[in-house]
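Pasting input11.txt here (compact mmCIF, C-alpha atoms):
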```
# COMPACT_ATOMS: atom_id res chain seq x y z
CA MET A 1 -15.82 55.90 -33.27
CA GLY A 2 -15.45 52.93 -35.55
CA PHE A 3 -17.65 49.95 -36.02
CA PHE A 4 -15.42 47.69 -33.87
CA ASP A 5 -14.59 50.26 -31.17
CA PHE A 6 -17.53 49.46 -28.88
CA ASN A 7 -16.55 48.95 -25.23
CA ARG A 8 -12.84 49.40 -26.01
CA VAL A 9 -10.50 51.74 -24.19
CA ASP A 10 -7.68 53.41 -26.14
CA GLY A 11 -7.81 50.81 -28.87
CA GLY A 12 -7.37 47.91 -26.48
CA PRO A 13 -9.37 44.67 -26.47
CA THR A 14 -12.98 44.56 -25.42
CA LEU A 15 -13.36 44.37 -21.64
CA TYR A 16 -16.18 42.52 -19.94
CA ALA A 17 -17.12 42.46 -16.30
CA SER A 18 -15.95 39.47 -14.27
CA ASN A 19 -18.45 36.70 -13.65
CA LYS A 20 -17.56 35.23 -10.30
CA THR A 21 -19.01 31.84 -9.51
CA ALA A 22 -18.91 29.98 -6.22
CA VAL A 23 -16.64 26.98 -5.73
CA THR A 24 -18.83 23.88 -5.49
CA VAL A 25 -16.37 20.97 -5.57
CA ASP A 26 -12.65 20.32 -5.30
CA VAL A 27 -11.52 20.00 -8.90
CA LEU A 28 -8.42 17.96 -7.99
CA GLU A 29 -10.42 15.38 -6.02
CA ILE A 30 -13.00 15.09 -8.78
CA GLY A 31 -10.19 14.63 -11.30
CA PHE A 32 -8.67 11.76 -9.32
CA ILE A 33 -12.06 10.10 -8.89
CA PHE A 34 -12.78 10.44 -12.61
CA ALA A 35 -9.38 8.92 -13.52
CA ILE A 36 -9.91 6.00 -11.16
CA CYS A 37 -13.38 5.37 -12.60
CA ILE A 38 -11.93 5.30 -16.13
CA LEU A 39 -9.29 2.79 -15.05
CA ALA A 40 -11.88 0.58 -13.33
CA PHE A 41 -14.18 0.73 -16.36
CA SER A 42 -11.31 -0.33 -18.64
CA PHE A 43 -10.78 -3.50 -16.62
CA LEU A 44 -14.52 -4.05 -16.45
CA VAL A 45 -14.70 -4.12 -20.25
CA ILE A 46 -12.13 -6.93 -20.54
CA LEU A 47 -13.65 -8.92 -17.66
CA PRO A 48 -15.97 -11.04 -19.90
CA GLY A 49 -12.88 -12.40 -21.66
CA VAL A 50 -11.78 -14.26 -18.52
CA ARG A 51 -13.20 -17.77 -18.18
CA GLY A 52 -14.65 -19.66 -15.27
CA MET A 53 -13.89 -18.84 -11.66
CA GLN A 54 -10.85 -16.90 -12.73
CA ARG A 55 -13.25 -14.15 -13.75
CA LEU A 56 -14.31 -13.67 -10.12
CA TYR A 57 -10.73 -13.88 -8.87
CA PHE A 58 -9.59 -11.37 -11.49
CA ALA A 59 -12.37 -8.93 -10.58
CA LEU A 60 -11.60 -9.11 -6.85
CA LYS A 61 -7.89 -8.55 -7.35
CA VAL A 62 -8.19 -5.73 -9.86
CA PHE A 63 -10.92 -3.71 -8.15
CA PHE A 64 -9.35 -4.03 -4.72
CA SER A 65 -6.02 -2.89 -6.14
CA ILE A 66 -7.64 0.12 -7.83
CA PHE A 67 -9.54 0.95 -4.63
CA VAL A 68 -6.38 1.01 -2.51
CA LEU A 69 -4.61 3.11 -5.15
CA ALA A 70 -7.49 5.59 -5.13
CA VAL A 71 -7.43 5.83 -1.33
CA ILE A 72 -3.70 6.57 -1.34
CA MET A 73 -4.03 9.36 -3.89
CA LEU A 74 -7.20 10.88 -2.42
CA GLY A 75 -5.74 10.74 1.07
CA ASN A 76 -2.61 12.47 -0.17
CA PHE A 77 -4.38 15.33 -1.94
CA GLY A 78 -7.70 15.37 -0.07
CA MET A 79 -8.74 18.36 2.03
CA GLU A 80 -10.74 16.63 4.76
CA TRP A 81 -8.27 15.27 7.28
CA GLU A 82 -9.81 17.57 9.90
CA VAL A 83 -13.11 19.39 9.46
CA SER A 84 -15.41 21.75 11.33
CA GLU A 85 -18.64 23.54 10.42
CA VAL A 86 -20.90 25.91 12.35
CA GLU A 87 -23.89 28.14 11.72
CA THR A 88 -23.80 31.48 13.51
CA GLY A 89 -24.35 35.20 13.25
CA VAL A 90 -21.11 37.01 12.55
CA GLN A 91 -19.82 40.37 11.37
CA TYR A 92 -19.46 40.35 7.60
CA LYS A 93 -16.75 42.92 6.86
CA ALA A 94 -14.52 45.28 8.73
CA PHE A 95 -15.95 48.73 9.50
CA HIS A 96 -19.50 47.39 9.07
CA ASN A 97 -21.75 46.77 12.04
CA GLU A 98 -24.21 44.59 10.18
CA GLU A 99 -24.15 40.91 11.07
CA ILE A 100 -25.11 38.08 8.80
CA HIS A 101 -26.30 34.57 9.49
CA ALA A 102 -24.01 32.23 7.62
CA THR A 103 -22.55 28.74 7.54
CA ILE A 104 -18.80 28.69 8.13
CA GLY A 105 -16.76 25.59 7.33
CA VAL A 106 -13.08 24.75 7.64
CA LYS A 107 -11.39 21.76 5.95
CA ILE A 108 -7.77 21.00 6.78
CA GLY A 109 -5.65 18.86 4.47
CA LEU A 110 -2.00 17.91 4.38
CA ARG A 111 -0.97 20.99 2.39
CA ALA A 112 -3.56 23.70 3.05
CA ALA A 113 -6.69 24.82 4.87
CA ASN A 114 -9.92 25.52 3.00
CA ILE A 115 -12.34 28.08 4.51
CA THR A 116 -15.88 28.55 3.24
CA LEU A 117 -18.47 31.21 4.08
CA LYS A 118 -22.02 30.90 2.77
CA GLY A 119 -24.82 33.23 3.77
CA ASP A 120 -28.41 32.15 4.08
CA GLY A 121 -29.71 35.06 1.99
CA LYS A 122 -28.79 38.31 0.30
CA HIS A 123 -27.10 41.00 2.37
CA LEU A 124 -25.52 44.40 1.88
CA ASN A 125 -26.96 45.74 -1.35
CA SER A 126 -28.36 42.35 -2.39
CA GLU A 127 -24.92 40.75 -2.44
CA LYS A 128 -24.87 36.96 -2.56
CA ILE A 129 -22.41 35.69 0.04
CA ASP A 130 -20.65 32.52 -1.11
CA TYR A 131 -16.87 32.43 -0.53
CA ASN A 132 -14.33 29.63 -0.69
CA GLU A 133 -10.68 30.45 0.03
CA ARG A 134 -7.65 28.21 0.38
CA PHE A 135 -4.52 29.07 2.40
CA TRP A 136 -1.45 26.98 1.60
CA TRP A 137 1.36 26.16 4.01
CA GLY A 138 3.06 23.47 1.92
CA GLY A 139 3.06 21.68 -1.39
CA GLU A 140 5.07 22.17 -4.54
CA ARG A 141 5.82 25.81 -3.73
CA GLN A 142 7.19 25.66 -0.19
CA TRP A 143 7.27 23.49 2.94
CA THR A 144 9.48 25.67 5.15
CA GLN A 145 8.20 27.56 8.17
CA GLY A 146 9.75 30.90 7.22
CA ARG A 147 10.14 33.94 9.41
CA ASN A 148 7.48 35.47 11.62
CA PHE A 149 5.18 38.28 10.51
CA PHE A 150 4.29 38.93 6.88
CA GLY A 151 7.45 39.99 5.01
CA PRO A 152 8.87 38.48 1.82
CA PHE A 153 10.77 35.86 3.85
CA ALA A 154 7.79 34.84 5.95
CA GLY A 155 6.03 31.52 5.67
CA LEU A 156 3.70 30.76 2.78
CA VAL A 157 0.54 30.88 4.86
CA ASN A 158 1.55 34.28 6.33
CA ARG A 159 2.09 35.80 2.89
CA GLU A 160 -1.20 34.42 1.60
CA PHE A 161 -2.97 35.83 4.65
CA ARG A 162 -1.53 39.27 3.87
CA GLU A 163 -2.76 39.00 0.25
CA ALA A 164 -6.23 38.10 1.53
CA GLN A 165 -6.24 41.23 3.65
CA PHE A 166 -5.37 43.39 0.64
CA LYS A 167 -8.15 41.74 -1.38
CA GLY A 168 -10.64 42.62 1.33
CA LEU A 169 -12.02 39.15 2.05
CA PRO A 170 -14.86 38.84 4.57
CA TYR A 171 -13.99 39.21 8.20
CA PRO A 172 -14.84 35.58 9.27
CA ILE A 173 -12.40 34.12 6.72
CA LEU A 174 -9.58 36.41 7.85
CA TRP A 175 -10.35 35.68 11.49
CA ILE A 176 -9.97 31.93 11.00
CA ALA A 177 -6.92 32.17 8.71
CA GLU A 178 -5.08 34.30 11.25
CA TYR A 179 -4.95 31.36 13.67
CA PHE A 180 -2.61 29.52 11.27
CA THR A 181 -0.20 32.47 11.06
CA LEU A 182 0.55 32.61 14.80
CA ASP A 183 3.88 31.03 15.80
CA GLY A 184 5.01 31.96 19.25
CA GLU A 185 5.06 30.65 22.81
CA ASN A 186 2.62 27.74 22.94
CA ILE A 187 0.44 28.91 20.05
CA ARG A 188 1.81 27.12 16.99
CA TRP A 189 -1.15 25.64 15.15
CA GLY A 190 0.20 26.54 11.73
CA ARG A 191 3.54 24.86 12.49
CA SER A 192 1.74 21.77 13.83
CA TYR A 193 -0.37 21.22 10.73
CA ARG A 194 2.55 21.96 8.44
CA LEU A 195 4.83 19.37 10.06
CA SER A 196 2.13 16.72 10.47
CA GLY A 197 1.00 17.24 6.88
CA PHE A 198 4.56 17.05 5.58
CA TYR A 199 5.37 13.69 7.22
CA ALA A 200 1.94 12.24 6.48
CA HIS A 201 2.22 13.08 2.79
CA ILE A 202 5.73 11.55 2.72
CA MET A 203 4.29 8.30 4.13
CA LEU A 204 1.50 8.26 1.56
CA TRP A 205 3.94 8.88 -1.28
CA THR A 206 5.98 5.97 0.07
CA ALA A 207 2.88 3.76 0.13
CA PHE A 208 2.24 4.48 -3.56
CA PRO A 209 5.32 2.64 -5.02
CA LEU A 210 5.03 -0.05 -2.35
CA TRP A 211 1.51 -0.82 -3.54
CA ILE A 212 2.70 -0.96 -7.17
CA LEU A 213 5.40 -3.46 -6.13
CA THR A 214 2.78 -5.43 -4.21
CA ASN A 215 0.72 -5.95 -7.35
CA ILE A 216 3.80 -6.97 -9.33
CA LEU A 217 4.98 -9.45 -6.69
CA PHE A 218 1.54 -11.07 -6.42
CA CYS A 219 2.02 -12.09 -10.05
CA MET A 220 5.31 -13.87 -9.29
CA PHE A 221 5.92 -14.59 -5.58
CA ILE A 222 2.81 -14.65 -3.40
CA ARG A 223 4.69 -14.63 -0.12
CA TYR A 224 6.66 -11.51 -0.94
CA GLY A 225 3.50 -9.87 -2.23
CA ALA A 226 1.91 -10.48 1.18
CA TYR A 227 4.96 -8.96 2.86
CA PHE A 228 4.71 -5.82 0.75
CA MET A 229 0.96 -5.58 1.30
CA MET A 230 1.54 -5.52 5.06
CA LEU A 231 4.35 -3.00 4.55
CA THR A 232 2.04 -0.75 2.52
CA GLY A 233 -0.63 -0.87 5.21
CA GLY A 234 1.94 -0.19 7.91
CA VAL A 235 3.23 2.89 6.08
CA MET A 236 -0.32 4.23 5.71
CA LEU A 237 -0.99 3.68 9.41
CA LEU A 238 2.27 5.43 10.23
CA GLY A 239 1.09 8.43 8.23
CA ASN A 240 -2.11 8.55 10.30
CA ILE A 241 -0.14 8.29 13.53
CA LEU A 242 2.20 11.11 12.53
CA PHE A 243 -0.67 13.37 11.53
CA ALA A 244 -2.48 12.79 14.81
CA SER A 245 0.56 12.99 17.11
CA LEU A 246 2.59 15.96 15.78
CA ARG A 247 0.84 18.74 17.68
CA PHE A 248 2.19 21.73 19.60
CA GLY A 249 0.25 23.46 22.31
CA PRO A 250 -3.46 23.20 23.10
CA GLU A 251 -6.19 21.88 20.86
CA LEU A 252 -7.34 24.24 18.13
CA LYS A 253 -10.67 25.86 19.02
CA ILE A 254 -11.79 29.01 17.23
CA PRO A 255 -14.45 31.23 18.84
CA ILE A 256 -16.48 32.93 16.15
CA GLY A 257 -19.77 34.73 16.54
CA THR A 258 -21.78 33.08 19.25
CA THR A 259 -20.23 29.61 18.88
CA ILE A 260 -16.85 27.88 19.06
CA MET A 261 -15.45 25.85 16.18
CA THR A 262 -14.05 22.48 17.28
CA PHE A 263 -12.29 20.17 14.84
CA HIS A 264 -12.63 16.43 14.33
CA TYR A 265 -11.07 13.95 11.89
CA GLY A 266 -12.62 13.82 8.42
CA TRP A 267 -13.20 11.05 5.93
CA CYS A 268 -9.65 11.26 4.51
CA PHE A 269 -8.18 10.35 7.89
CA TRP A 270 -10.61 7.53 8.64
CA LEU A 271 -10.50 6.06 5.13
CA THR A 272 -6.70 5.98 5.12
CA LEU A 273 -6.70 4.39 8.57
CA ALA A 274 -9.26 1.74 7.59
CA VAL A 275 -7.50 0.78 4.35
CA GLY A 276 -4.15 0.61 6.15
CA LEU A 277 -5.60 -1.82 8.70
CA ILE A 278 -7.24 -3.87 5.95
CA CYS A 279 -3.92 -4.16 4.08
CA VAL A 280 -2.07 -5.31 7.20
CA VAL A 281 -4.70 -7.88 8.20
CA LEU A 282 -5.31 -9.14 4.67
CA GLY A 283 -1.58 -9.46 4.02
CA ALA A 284 -1.15 -11.53 7.18
CA ILE A 285 -4.08 -13.78 6.17
CA ILE A 286 -2.67 -14.32 2.67
CA LEU A 287 0.75 -15.13 4.14
CA PHE A 288 -0.71 -17.68 6.56
CA ILE A 289 -2.84 -19.35 3.87
CA ASP A 290 0.12 -19.45 1.49
CA LEU A 291 2.20 -21.22 4.12
CA ARG A 292 -0.50 -23.76 4.96
CA LEU A 293 -2.46 -24.11 1.71
CA PRO A 294 -0.18 -22.99 -1.13
CA ASP A 295 -2.41 -24.62 -3.75
CA LEU A 296 -5.30 -22.38 -2.75
CA THR A 297 -3.33 -19.13 -3.04
CA GLY A 298 -1.69 -20.35 -6.24
CA THR A 299 -5.11 -20.94 -7.80
CA PHE A 300 -6.46 -17.57 -6.68
CA PHE A 301 -3.48 -15.53 -7.90
CA GLY A 302 -2.77 -17.73 -10.91
CA VAL A 303 0.81 -18.43 -9.84
CA GLU A 304 2.46 -21.81 -10.30
CA SER A 305 4.92 -23.48 -7.98
CA ASP A 306 8.26 -21.84 -7.38
CA PRO A 307 11.39 -23.30 -8.99
CA ASP A 308 12.58 -26.33 -7.08
CA GLU A 309 15.83 -26.90 -5.25
CA TYR A 310 17.64 -30.22 -5.32
CA TYR A 311 18.50 -32.08 -2.16
CA THR A 312 20.57 -35.23 -1.73
CA VAL A 313 19.38 -37.54 1.02
CA GLU A 314 21.78 -39.79 2.88
CA GLY A 315 22.97 -42.63 0.70
CA GLU A 316 25.96 -44.86 0.01
CA LEU A 317 28.03 -43.83 -3.00
CA THR A 318 31.16 -45.55 -4.24
CA THR A 319 33.67 -45.28 -7.08
CA ASP A 320 36.32 -47.60 -8.33
CA ASP A 321 39.20 -45.64 -6.80
CA SER A 322 37.67 -44.20 -3.65
CA PRO A 323 36.37 -45.78 -0.47
CA LYS A 324 32.75 -45.66 0.63
CA GLU A 325 31.34 -42.16 1.15
CA VAL A 326 28.15 -41.07 2.87
CA SER A 327 26.47 -37.86 1.67
CA ARG A 328 24.56 -35.49 3.91
CA LEU A 329 21.36 -33.51 3.26
CA VAL A 330 22.84 -30.47 1.53
CA PRO A 331 20.85 -28.18 -0.84
CA SER A 332 22.20 -27.43 -4.27
CA LYS A 333 21.07 -23.97 -5.36
CA ASN A 334 22.48 -24.40 -8.85
CA GLY A 335 20.03 -27.13 -9.84
CA PRO A 336 21.01 -30.79 -10.36
CA PRO A 337 24.55 -31.92 -9.59
CA THR A 338 27.11 -31.05 -12.25
CA ASP A 339 30.09 -32.85 -13.74
CA ASP A 340 32.18 -31.83 -10.73
CA ASN A 341 30.79 -34.88 -8.94
CA ALA A 342 31.72 -37.84 -11.14
CA ILE A 343 29.50 -40.18 -9.11
CA TYR A 344 26.36 -38.80 -10.81
CA GLU A 345 27.61 -38.93 -14.39
CA ASN A 346 26.02 -42.27 -15.35
CA TYR A 347 24.05 -43.08 -12.25
CA GLU A 348 20.67 -41.67 -11.22
CA ASN A 349 20.57 -41.85 -7.45
CA PRO A 350 17.15 -43.18 -6.34
CA TYR A 351 17.63 -41.34 -3.05
CA ARG A 352 17.73 -37.95 -4.75
CA ARG A 353 14.40 -36.13 -4.77
CA ARG A 354 13.16 -32.68 -5.68
CA ILE A 355 11.82 -30.56 -2.84
CA SER A 356 10.16 -27.21 -3.47
CA THR A 357 11.69 -24.15 -1.89
CA ARG A 358 8.24 -23.35 -0.56
CA GLY A 359 8.47 -26.38 1.73
CA VAL A 360 11.49 -25.30 3.72
CA SER A 361 9.29 -23.75 6.38
CA ARG A 362 7.90 -26.07 8.99
CA PHE A 363 4.59 -24.20 8.85
CA GLN A 364 4.05 -24.84 5.17
CA LYS A 365 2.59 -27.83 3.45
CA SER A 366 4.37 -28.78 0.23
CA ARG A 367 2.51 -27.89 -2.92
CA LYS A 368 3.62 -31.09 -4.65
CA LYS A 369 2.69 -34.62 -3.77
CA PRO A 370 5.25 -36.29 -1.48
CA VAL A 371 7.59 -38.79 -3.09
CA ALA A 372 7.33 -42.32 -1.79
CA ALA A 373 10.24 -43.32 0.43
CA PRO A 374 12.65 -45.79 -1.20
CA ARG A 375 12.96 -49.37 0.04
CA ARG A 376 15.54 -49.99 2.67
CA ARG A 377 18.71 -51.69 1.42
CA THR A 378 19.80 -54.78 3.25
CA ALA A 379 22.68 -55.90 1.08
CA ARG A 380 25.56 -53.53 0.66
CA SER A 381 28.42 -53.60 -1.77
CA THR A 382 32.06 -53.51 -0.78
CA PRO A 383 34.89 -51.69 -2.50
CA SER A 384 36.55 -55.01 -3.37
CA SER A 385 33.50 -56.58 -4.96
CA GLY A 386 33.32 -53.96 -7.71
CA LEU A 387 29.53 -54.25 -7.79
CA HIS A 388 27.23 -51.33 -8.11
CA PRO A 389 24.84 -50.83 -5.16
CA ASP A 390 21.89 -51.60 -7.46
CA SER A 391 23.40 -54.97 -8.37
CA ALA A 392 23.41 -55.94 -4.70
CA ILE A 393 19.73 -55.06 -4.51
CA ARG A 394 18.92 -57.17 -7.56
CA GLU A 395 20.68 -60.20 -6.04
CA GLU A 396 18.78 -59.92 -2.78
CA PRO A 397 15.51 -61.57 -3.98
CA GLU A 398 17.51 -64.54 -5.40
CA ALA A 399 19.22 -65.05 -2.06
CA GLU A 400 15.88 -65.06 -0.33
CA ALA A 401 14.53 -67.62 -2.84
CA ASP A 402 17.52 -69.94 -2.21
CA GLN A 403 16.98 -69.79 1.50
CA GLY A 404 13.29 -70.63 1.02
CA GLY A 405 14.18 -73.66 -1.14
CA ASN A 406 16.65 -75.06 1.45
CA VAL A 407 13.99 -74.83 4.16
CA ALA A 408 11.50 -76.78 1.99
CA ILE A 409 14.03 -79.62 1.34
CA GLN A 410 14.77 -79.93 5.07
CA MET A 411 11.05 -80.24 5.85
CA GLU A 412 10.66 -83.08 3.28
CA ASP A 413 13.58 -85.00 4.81
CA ILE A 414 12.05 -84.77 8.28
CA GLN A 415 8.69 -86.11 7.01
CA ALA A 416 10.40 -89.03 5.18
CA GLN A 417 12.28 -90.06 8.35
CA ALA A 418 9.03 -89.97 10.32
```
Using the file provided, produce a representation of the structure as structure tokens.
Amino acid sequence: MGFFDFNRVDGGPTLYASNKTAVTVDVLEIGFIFAICILAFSFLVILPGVRGMQRLYFALKVFFSIFVLAVIMLGNFGMEWEVSEVETGVQYKAFHNEEIHATIGVKIGLRAANITLKGDGKHLNSEKIDYNERFWWGGERQWTQGRNFFGPFAGLVNREFREAQFKGLPYPILWIAEYFTLDGENIRWGRSYRLSGFYAHIMLWTAFPLWILTNILFCMFIRYGAYFMMLTGGVMLLGNILFASLRFGPELKIPIGTTIMTFHYGWCFWLTLAVGLICVVLGAIILFIDLRLPDLTGTFFGVESDPDEYYTVEGELTTDDSPKEVSRLVPSKNGPPTDDNAIYENYENPYRRRISTRGVSRFQKSRKKPVAAPRRRTARSTPSSGLHPDSAIREEPEAEADQGGNVAIQMEDIQAQA
């Protein structure tokens, strides 16, 4: 026996006994929370660089956006859409008559069910009872239902249940997991949670890019950002509705020991529902304020007015070779009139004004100050006169002055005769 041969078998590596530790937290959930906290802290560091009231606006926008993003991800991968927990006396293992007093909990997510068993003391040769097992029915590996029973073509949850039996897990965990393997007649709880989880996780994955687009649009077009915010909230609410409505057969109730486990919605369900409602309501409020008070929303989001469209109001336009023409109120989406209309080459029409595209709705107040209406023309040019319409306007005050002078002369003649 050599110096380095201690605890080795046939020259192999040193073997140590396994050190099993109980599962205390969901590592995936903690990872998401830690990543979101890092992202929020990064924006918190740059917050002092923003001046004035924009600092408050920036903080509200950024932290609300990060919060909604965190809810979408935690709701998608969280394990507490439905939960149940009881304390009871129950048989510990098969072929053993001894009962233990333990706390049994079940957490159902969109992809799996998590079953915990924790004893209140040491039992069976001073063994510490603290188990946490997860049974998958969907996810990256498989979403199909599979065949019945426990063969190689069976569903994922059935095959994992068979592996748990071979490992010799405690009897309460196997008893609960077996309820998700049944798929016949009106007993299809495993199928129900698999389908509802599949469509709910599709809705949440759809909400993720919609929320990214919402943040991008709020930096350019506030109205479309409000539309996408409402759409994001609606998709999240649809995920909640699908999870709650896709059920086959009776409600899941599991008798175990001296009690019955009944399930209720967990914080993942309620948080997703609440944030979905907030997004819908807040998007509608932003849309209404943007239609009525566009300056207020523009200041909050730091977005200037939209590019303007040009409109031509009714006016009288003439050329040397064409008779009088009257233009209608027609928008020009390509900006100011081009050389195609020779009338505007050397003449700036005083009746042409710029109207923002945000003012086309009758519910919206224009973001820009209204342009004063032009004076009404009384003298009009004729094609034969060859005068520009502005020249007729300039001659109008002189005509009025001549008329005033004639009236004064007539009044003097009447006084002289008297």
Exercise for review: Measuring atom to atom with all atoms listed in the file, identify which of A:Thr116, A:Thr272, A:Ser42, A:Gln145 is nearest to Leu74 of chain A.
Suggested key: A:Thr272
Point to revise | Pick from A:Ala102, A:Ala70, A:Ile202, A:Cys37, whichever lies nearest to Glu87 of chain A using only C-alpha atoms | key: A:Ala102
Check your understanding: Using only C-alpha atoms, which of A:Ala154, A:Leu210, A:Pro255, A:Gln54 sits nearest Cys279 of chain A?
Key -> A:Leu210
**Study point:** Distance criterion (all atoms listed in the file): nearest to Glu29 of chain A out of A:Met79, A:Ile187, A:Tyr57, A:Trp137
**Key:**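 Closest candidate: A:Met79.
Distance check against Arg162 of chain A using all atoms listed in the file: of A:Tyr199, A:Trp143, A:Phe135, A:Val25, the minimum falls on A:Phe135.
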Point to revise | From A:Gly138, A:Thr232, A:Glu304, A:Arg147, residue lying nearest His201 of chain A [all atoms listed in the file] | key: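 Among A:Gly138, A:Thr232, A:Glu304, A:Arg147, it is A:Gly138 that comes nearest to His201 of chain A.
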Exercise for review: Would you work out the distance separating atom CA of Leu195 of chain A from atom CA of Phe67 of chain A, expressed in Å to one decimal?
Suggested key: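 Atom-to-atom, atom CA of Leu195 of chain A and atom CA of Phe67 of chain A are spaced 27.6 Å apart.
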Review point. Which distance in Å separates atom CA of Met203 of chain A and atom CA of Gly239 of chain A, to one decimal?
Key: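 Between atom CA of Met203 of chain A and atom CA of Gly239 of chain A the gap works out to 5.2 Å.
The spacing separating atom CA of Gly234 of chain A from atom CA of Phe263 of chain A amounts to 25.8 Å.
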Taking only residues of segment 124-242 of chain A that have an atom at most 9 Å from an atom of segment 246-251 of chain A, what is each one's shortest atom pair and its distance in Å to one decimal, using only C-alpha atoms, in chain and number order, as a tab-separated table?
```
residue	atom	partner	partner_atom	distance
A:Glu185	CA	A:Gly249	CA	8.7
A:Asn186	CA	A:Gly249	CA	4.9
A:Ile187	CA	A:Gly249	CA	5.9
A:Arg188	CA	A:Phe248	CA	6.0
A:Trp189	CA	A:Phe248	CA	6.8
A:Arg191	CA	A:Phe248	CA	7.9
A:Ser192	CA	A:Arg247	CA	5.0
A:Tyr193	CA	A:Arg247	CA	7.5
A:Leu195	CA	A:Leu246	CA	7.0
A:Ser196	CA	A:Leu246	CA	5.4
A:Ile241	CA	A:Leu246	CA	8.4
A:Leu242	CA	A:Leu246	CA	5.9
```
Practice item. Excluding segment 211-215 of chain A and residues on its chain fewer than 6 positions from it, collect all residues at most 6 Å away from it, counting all atoms listed in the file, and give them as a PyMOL selection string. Key: chain A and resi 225+228-229
**Study point:** Neighbours of point (-12.3, 20.6, 11.8) within 7 Å, using all atoms listed in the file, written as a list in words
**Key:** Glu82, Val83, Ser84, Val106, Lys107, Ile108, Thr262, Phe263, His264 and Tyr265 of chain A
